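Participant: Starting off with a structure, shown below.
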Amino acid sequence: MPGSSVLLSVEGLGKSFPGVRALHDVHLEAHAGEIQALMGENGAGKSTLIKLLTGVYAPDAGTLRLGGEVIRPTSPARAEALGISTVHQEISLIPHLSIADNIMLGRQPRRFGLIDQRAVRAKARQALARLALDLDVTRAVASLPTALQQMVAIARALAVDARILILDEPTSSLDEAETHRLFDVMKKLKAQGLAILFVTHFLDQVYAVSDRITVLRNGCLVGQHATSELPRLSLVQAMLGVKLGAPERPTLRSADRLGEASSAEPVLAARGLERKGVVGPIDLALGPGEVVGLAGLLGSGRSETARMLFGIEPADRGELMVDRREIELRTPRDAIRAGLSYCSEDRKVDGIVPNLSVRENLILALQASRGALRVLPRHEQDRLVQHYIKALSIKTPSPETPIKLLSGGNQQKVLLARWMAMQPRVMLLDEPTRGVDIGAKLEIEGLVRSLSEKGVATLLISSELEELERNCTRVVVLRDRKQQSELAGESVTPASIIQAIARHEEAPPDAREGL
């Protein structure tokens, strides 16, 4: 900001872990009285940067300066003592303690060796006053709504005379009204001279409240820009590292194929499907054999949509139909019975059971569908496993090899085989090629096409726009947890997807006047 002073200076910061360069030669400045948005997709280096600023990690290279003086925070407590405070995405408060005790926890003033409760309450009120909040500080935090708990977490961060305030995804659990209230607080703190680093994935929020935008990608600084000088389209391109150009036309998305899919009765149709505060409303139709992509930046609601469709986080409203029959998904078991299957984004957490064998992992869903008393005969298990090992070219020394010993690509193929054994009507695939080598990626894309040829409807979530272009007849674009648009046929290109993500619809003049 012109005329503002530099509070924090990051010079050539770098950090590596075994086999991973998390951050490399990053330079940035944070100014007093400025809200700076920190943007980037998964693996961009945002979390590593925050942990270096707050003393969780020690840098391998580079220098940090606060107010012009070199600092070396060795712990979060030391960073707080220097004036750098963080409010994390997950609210880190103790529910059964009072507001005052949470704000002053670990730093309570003492008198005659005992905690001075009167001073604790007074200091808590002072911290809340900076946010223009007047709360009963003896009230338990658990009794507060989420938005006020977030404000208490910010008050705790401010109680150490913070000069730099880092807000890590603070709006992830807030509704629209609560988000606007938080923005009002951020603007008050900005007016008090704080430098605020605002980490978020919501484009609209960035342009609503930030003065400057810093973009990281693959651990490197892409650039720092005044928000008013960085168009949305340029921001999205910078985050994704994609340059718009003329794409090659894939064969899968031919006009005949698109016409067949659009004229057939949908296998799955969602109308106004929504989980309040999480994602929606979603309107979606998948024809037999059709591969429909789901695109958007990290935090746009892609994975939440898949989890809603599979009954992991059931919808609050809307209609879902499978084969023209309306169904209500209260649990994943309901979804499986309806012919749906789901491969999650994180195969190590939500997919494989690492210490079980390839065979045991592959038959897991089929056995679960039969129940504990109807054990799948071993000869049938062996037949199925051998069939899919051969059909999917799964590289494993033996069906009895623990799955944790397989490569990422082969683990992913076992998970696909798990659901193919169920003969599903619909496959929900969340980043099925993430973290695998190029050969495995092409093989998995080939499996998606083979499922399509067998009439299975597939919803494909991917951060790689070229992957969506190669495989999808249509692409539904999400932004800020809401459906924005749908692209079909020749319109499915990286350029058009980026433009749809970045597109900002202005309210009509009469609507704006009423705000």
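We label chains A, B, ... in the order they appear in the structure tokens, count residues from 1 in each chain, and number ligands from 1 in the order shown.
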Looking only at the backbone, which of the residues in range 150-331 of chain A does DSSP tag as alpha helix (DSSP H), as a PyMOL selection string?
Facilitator: chain A and resi 150-158+176-191+203-209+232-240+255-263+302-309
Participant: Give me the residues near Thr200 in chain A as a PDB file with N, CA and C atoms, in the first residue's frame, where near means some atom within 8 Å (using only C-alpha atoms) and where sequence neighbours in that chain fewer than 5 positions away do not count.
Facilitator:
```pdb
ATOM      1  N   ALA A  37      -4.185 -11.154   0.825  1.00  0.00           N
ATOM      2  CA  ALA A  37      -4.676 -12.508   0.596  1.00  0.00           C
ATOM      3  C   ALA A  37      -3.522 -13.386   0.127  1.00  0.00           C
ATOM      4  N   LEU A  38      -3.436 -14.580   0.705  1.00  0.00           N
ATOM      5  CA  LEU A  38      -2.421 -15.554   0.322  1.00  0.00           C
ATOM      6  C   LEU A  38      -3.137 -16.686  -0.409  1.00  0.00           C
ATOM      7  N   MET A  39      -2.828 -16.829  -1.707  1.00  0.00           N
ATOM      8  CA  MET A  39      -3.587 -17.731  -2.570  1.00  0.00           C
ATOM      9  C   MET A  39      -2.689 -18.817  -3.148  1.00  0.00           C
ATOM     10  N   ASP A 168      -6.142 -18.225   8.825  1.00  0.00           N
ATOM     11  CA  ASP A 168      -6.059 -19.389   7.943  1.00  0.00           C
ATOM     12  C   ASP A 168      -7.456 -19.963   7.724  1.00  0.00           C
ATOM     13  N   GLU A 169      -8.020 -19.689   6.562  1.00  0.00           N
ATOM     14  CA  GLU A 169      -9.370 -20.162   6.198  1.00  0.00           C
ATOM     15  C   GLU A 169     -10.389 -19.845   7.291  1.00  0.00           C
ATOM     16  N   PRO A 170     -10.499 -18.590   7.718  1.00  0.00           N
ATOM     17  CA  PRO A 170     -11.390 -18.281   8.846  1.00  0.00           C
ATOM     18  C   PRO A 170     -12.870 -18.360   8.505  1.00  0.00           C
ATOM     19  N   THR A 171     -13.217 -18.349   7.209  1.00  0.00           N
ATOM     20  CA  THR A 171     -14.637 -18.328   6.829  1.00  0.00           C
ATOM     21  C   THR A 171     -15.159 -19.703   6.441  1.00  0.00           C
ATOM     22  N   GLN A 205     -14.434 -13.547  -1.837  1.00  0.00           N
ATOM     23  CA  GLN A 205     -14.003 -12.980  -0.566  1.00  0.00           C
ATOM     24  C   GLN A 205     -12.689 -12.224  -0.713  1.00  0.00           C
ATOM     25  N   VAL A 206     -11.800 -12.746  -1.546  1.00  0.00           N
ATOM     26  CA  VAL A 206     -10.526 -12.073  -1.790  1.00  0.00           C
ATOM     27  C   VAL A 206     -10.761 -10.677  -2.333  1.00  0.00           C
TER      28      VAL A 206
END
```
Participant: Using only C-alpha atoms, which of A:Gly371, A:Gly67, A:Pro266, A:Gly299 sits nearest His201 in chain A?
Facilitator: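 Checking each of A:Gly371, A:Gly67, A:Pro266, A:Gly299 against His201 in chain A, counting only C-alpha atoms, the winner is A:Gly299.
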Participant: I'd like the contact shell of Leu460 in chain A - 12 Å cut-off, only C-alpha atoms, skipping same-chain residues fewer than 2 positions apart - returned as a VMD selection string.
Facilitator: chain A and resid 286 290 to 295 302 to 303 305 to 306 342 to 345 426 to 433 444 to 445 448 to 449 452 457 to 458 462 to 465 467 to 477
Participant: Excluding range 85-88 of chain A and residues on its chain fewer than 3 positions from it, collect all residues at most 12 Å away from it, counting only C-alpha atoms, and give them as a VMD selection string.
Facilitator: chain A and resid 47 50 to 56 73 75 to 82 91 to 93 149 to 173 194 to 200
Participant: Can you tell me which residues surround Gln411 in chain A at a distance of at most 12 Å, considering only C-alpha atoms, apart from same-chain residues fewer than 3 positions away, and format the answer as a PyMOL selection string?
Facilitator: chain A and resi 343+346-348+351-354+356-359+361-362+389+392-396+401-408+414-418+432-436+440+444
Participant: Apply DSSP to the backbone of this structure and, from range 298-467 of chain A, keep only the residues in strand (DSSP E or B); write these as a PyMOL selection string.
Facilitator: chain A and resi 317-322+325-326+340-343+357+402+426-430+457-461
Participant: Need to verify the contact set: range 115-131 of chain A, 8 Å, only C-alpha atoms, exclusion of same-chain residues closer than 3 positions in sequence. Can you return it as a PyMOL selection string?
Facilitator: chain A and resi 99-101+103-104+108-111+134-135+137-138+151-152+155-156+158-159+185+188-189
Participant: Let me see the file: selected residues, N, CA and C atoms, as an mmCIF file, in the first residue's frame.
Facilitator:
```cif
data_model
loop_
_atom_site.group_PDB
_atom_site.id
_atom_site.type_symbol
_atom_site.label_atom_id
_atom_site.label_comp_id
_atom_site.auth_asym_id
_atom_site.auth_seq_id
_atom_site.Cartn_x
_atom_site.Cartn_y
_atom_site.Cartn_z
ATOM 1 N N ILE A 99 -15.026 -17.721 28.122
ATOM 2 C CA ILE A 99 -14.425 -16.872 27.097
ATOM 3 C C ILE A 99 -13.128 -16.266 27.621
ATOM 4 N N ALA A 100 -13.169 -15.749 28.850
ATOM 5 C CA ALA A 100 -11.982 -15.112 29.436
ATOM 6 C C ALA A 100 -10.838 -16.098 29.571
ATOM 7 N N ASP A 101 -11.131 -17.306 30.056
ATOM 8 C CA ASP A 101 -10.074 -18.295 30.251
ATOM 9 C C ASP A 101 -9.472 -18.725 28.916
ATOM 10 N N ILE A 103 -9.297 -16.850 26.143
ATOM 11 C CA ILE A 103 -8.508 -15.741 25.590
ATOM 12 C C ILE A 103 -7.166 -15.619 26.282
ATOM 13 N N MET A 104 -7.134 -15.852 27.583
ATOM 14 C CA MET A 104 -5.906 -15.621 28.369
ATOM 15 C C MET A 104 -5.173 -16.908 28.722
ATOM 16 N N GLN A 108 -2.119 -16.062 31.792
ATOM 17 C CA GLN A 108 -2.946 -15.422 32.823
ATOM 18 C C GLN A 108 -2.081 -14.588 33.773
ATOM 19 N N PRO A 109 -2.515 -13.361 34.077
ATOM 20 C CA PRO A 109 -1.815 -12.560 35.095
ATOM 21 C C PRO A 109 -1.992 -13.205 36.474
ATOM 22 N N ARG A 110 -0.975 -13.075 37.292
ATOM 23 C CA ARG A 110 -1.002 -13.721 38.610
ATOM 24 C C ARG A 110 -0.827 -12.700 39.735
ATOM 25 N N ARG A 111 -1.317 -13.068 40.876
ATOM 26 C CA ARG A 111 -1.189 -12.238 42.069
ATOM 27 C C ARG A 111 -0.938 -13.161 43.251
ATOM 28 N N ASP A 134 -19.019 -6.930 22.899
ATOM 29 C CA ASP A 134 -19.320 -6.813 24.330
ATOM 30 C C ASP A 134 -19.995 -8.109 24.746
ATOM 31 N N LEU A 135 -19.203 -9.065 25.242
ATOM 32 C CA LEU A 135 -19.724 -10.372 25.626
ATOM 33 C C LEU A 135 -19.519 -10.603 27.108
ATOM 34 N N VAL A 137 -17.816 -12.408 29.537
ATOM 35 C CA VAL A 137 -16.593 -13.207 29.415
ATOM 36 C C VAL A 137 -16.581 -14.407 30.355
ATOM 37 N N THR A 138 -17.566 -14.517 31.248
ATOM 38 C CA THR A 138 -17.648 -15.698 32.117
ATOM 39 C C THR A 138 -18.437 -16.824 31.456
ATOM 40 N N MET A 151 -14.622 -15.277 16.574
ATOM 41 C CA MET A 151 -14.228 -13.958 17.070
ATOM 42 C C MET A 151 -13.423 -14.072 18.370
ATOM 43 N N VAL A 152 -13.802 -15.011 19.220
ATOM 44 C CA VAL A 152 -13.047 -15.227 20.450
ATOM 45 C C VAL A 152 -11.636 -15.718 20.124
ATOM 46 N N ALA A 155 -9.766 -12.720 19.137
ATOM 47 C CA ALA A 155 -9.459 -11.918 20.331
ATOM 48 C C ALA A 155 -8.287 -12.528 21.092
ATOM 49 N N ARG A 156 -8.243 -13.850 21.165
ATOM 50 C CA ARG A 156 -7.106 -14.509 21.827
ATOM 51 C C ARG A 156 -5.801 -14.181 21.104
ATOM 52 N N LEU A 158 -5.165 -11.546 19.439
ATOM 53 C CA LEU A 158 -4.840 -10.131 19.617
ATOM 54 C C LEU A 158 -4.370 -9.805 21.038
ATOM 55 N N ALA A 159 -4.639 -10.703 21.975
ATOM 56 C CA ALA A 159 -4.344 -10.417 23.386
ATOM 57 C C ALA A 159 -2.849 -10.369 23.673
ATOM 58 N N VAL A 185 -14.784 -6.858 11.092
ATOM 59 C CA VAL A 185 -13.753 -6.922 12.131
ATOM 60 C C VAL A 185 -12.370 -6.772 11.512
ATOM 61 N N LYS A 188 -11.673 -3.216 10.787
ATOM 62 C CA LYS A 188 -11.377 -2.456 12.008
ATOM 63 C C LYS A 188 -9.923 -2.678 12.417
ATOM 64 N N LEU A 189 -9.482 -3.922 12.374
ATOM 65 C CA LEU A 189 -8.100 -4.231 12.746
ATOM 66 C C LEU A 189 -7.111 -3.610 11.765
#
```
